[in-house]
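The structure under discussion appears below in the form of structure tokens.
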Amino acid sequence: MVNIKFAPIENVIVHEVVKVQLEDLLRERITPAGSMPLYWCDGVLFSFSSAPMTKKIVDDYLDGTIHWMEVHYTEMRGYSPIMDLKDENYGGTAKVRVIDTSNSELHQDFARWLKKRK
């Protein structure tokens, strides 16, 4: 039988946090190939960029530490699975998917941390 071990992330190192307007957060997730999803947890809508997977970053990851290079966020009380961005640059309405990560302990802890630092 295979031994399965759960090794959750123990540390998140956030290198930059920027509060932005909702429209700017939506706009940054639209790419020529489509849109990338946003994350929602406990009243916070956010995106993050991870560090490139260098040997150091992989070693940190295996030791339980991840690096979020930059987090952009805005407050949003209720969850909505799709957000619409009406913009003349896109020739109409662009849709951005939102993933409800309320069940993620990591995202819950991040949302709490973010609210405390205001």
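Every chain in the structure tokens takes a letter, A first, then B, and so on in the order presented; its residues are numbered from 1, and the ligands are numbered from 1 following the presented order.
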Return as CSV the residues of stretch 16-101 of chain A lying at most 10 Å from stretch 112-115 of chain A, together with the closest atom-to-atom pair for each and the distance in Å to one decimal, counting only C-alpha atoms, with rows in chain order and ascending residue number.
```
residue,atom,partner,partner_atom,distance
A:Val17,CA,A:Leu114,CA,8.9
A:Cys41,CA,A:Arg112,CA,9.6
A:Asp42,CA,A:Arg112,CA,8.2
A:Gly43,CA,A:Lys115,CA,9.6
A:Val44,CA,A:Leu114,CA,8.7
A:Tyr73,CA,A:Leu114,CA,9.5
A:Glu75,CA,A:Lys115,CA,9.6
```
Please identify which residues in stretch 7-54 of chain A DSSP calls strand (DSSP E) from the backbone, and express them as a PDB file with C-alpha atoms, in the first residue's frame.
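The new file states.pdb reads:
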```
ATOM      1  CA  ASN A  11       4.370  29.880   5.230  1.00  0.00           C
ATOM      2  CA  VAL A  12       3.356  32.322   2.542  1.00  0.00           C
ATOM      3  CA  ILE A  13       5.823  35.094   1.841  1.00  0.00           C
ATOM      4  CA  VAL A  14       3.991  38.009   0.224  1.00  0.00           C
ATOM      5  CA  VAL A  17       0.314  43.842  -1.852  1.00  0.00           C
ATOM      6  CA  VAL A  18      -1.655  46.402  -3.868  1.00  0.00           C
ATOM      7  CA  LYS A  19      -5.294  47.321  -3.326  1.00  0.00           C
ATOM      8  CA  ILE A  30      -7.814  39.564 -19.578  1.00  0.00           C
ATOM      9  CA  THR A  31      -5.217  38.309 -22.039  1.00  0.00           C
ATOM     10  CA  GLY A  34      -8.819  34.753 -22.917  1.00  0.00           C
ATOM     11  CA  SER A  35      -9.176  35.557 -19.267  1.00  0.00           C
ATOM     12  CA  LEU A  38      -9.584  35.500  -9.942  1.00  0.00           C
ATOM     13  CA  TYR A  39      -9.907  34.069  -6.442  1.00  0.00           C
ATOM     14  CA  TRP A  40     -12.547  35.017  -3.870  1.00  0.00           C
ATOM     15  CA  CYS A  41     -12.394  34.209  -0.179  1.00  0.00           C
ATOM     16  CA  VAL A  44     -11.658  39.498  -0.737  1.00  0.00           C
ATOM     17  CA  LEU A  45     -11.280  39.213  -4.518  1.00  0.00           C
ATOM     18  CA  PHE A  46      -7.647  38.757  -5.493  1.00  0.00           C
ATOM     19  CA  SER A  47      -4.979  37.535  -7.850  1.00  0.00           C
ATOM     20  CA  PHE A  48      -1.367  36.702  -7.219  1.00  0.00           C
ATOM     21  CA  SER A  49       1.743  36.043  -9.215  1.00  0.00           C
ATOM     22  CA  SER A  50       4.140  33.334  -8.146  1.00  0.00           C
TER      23      SER A  50
END
```
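Here atom CA of A:Phe6 stands at a distance of 25.1 Å from atom CA of A:Met69.
Between atom CA of A:Leu106 and atom CA of A:Arg27 the separation is 25.3 Å.
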Enumerate as number ranges by chain all residues of chain A assigned to helix (DSSP H, G or I) by DSSP on the backbone, naming them with the chain letters and numbers the document uses. A: 22-28, 55-62, 88-90, 105-116
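We find atom CA of A:Asn103 and atom CA of A:Glu28 to be spaced 25.0 Å apart.
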Tell me which of A:Lys116, A:Pro52, A:Val96, A:Glu105 sits closest to A:Pro8, counting only C-alpha atoms. A:Glu105
Who sits within 7 Å of A:Asp84, only C-alpha atoms, same chain under 4 positions skipped, as JSON, numbers by chain: {"A": [93, 94, 95, 96]}
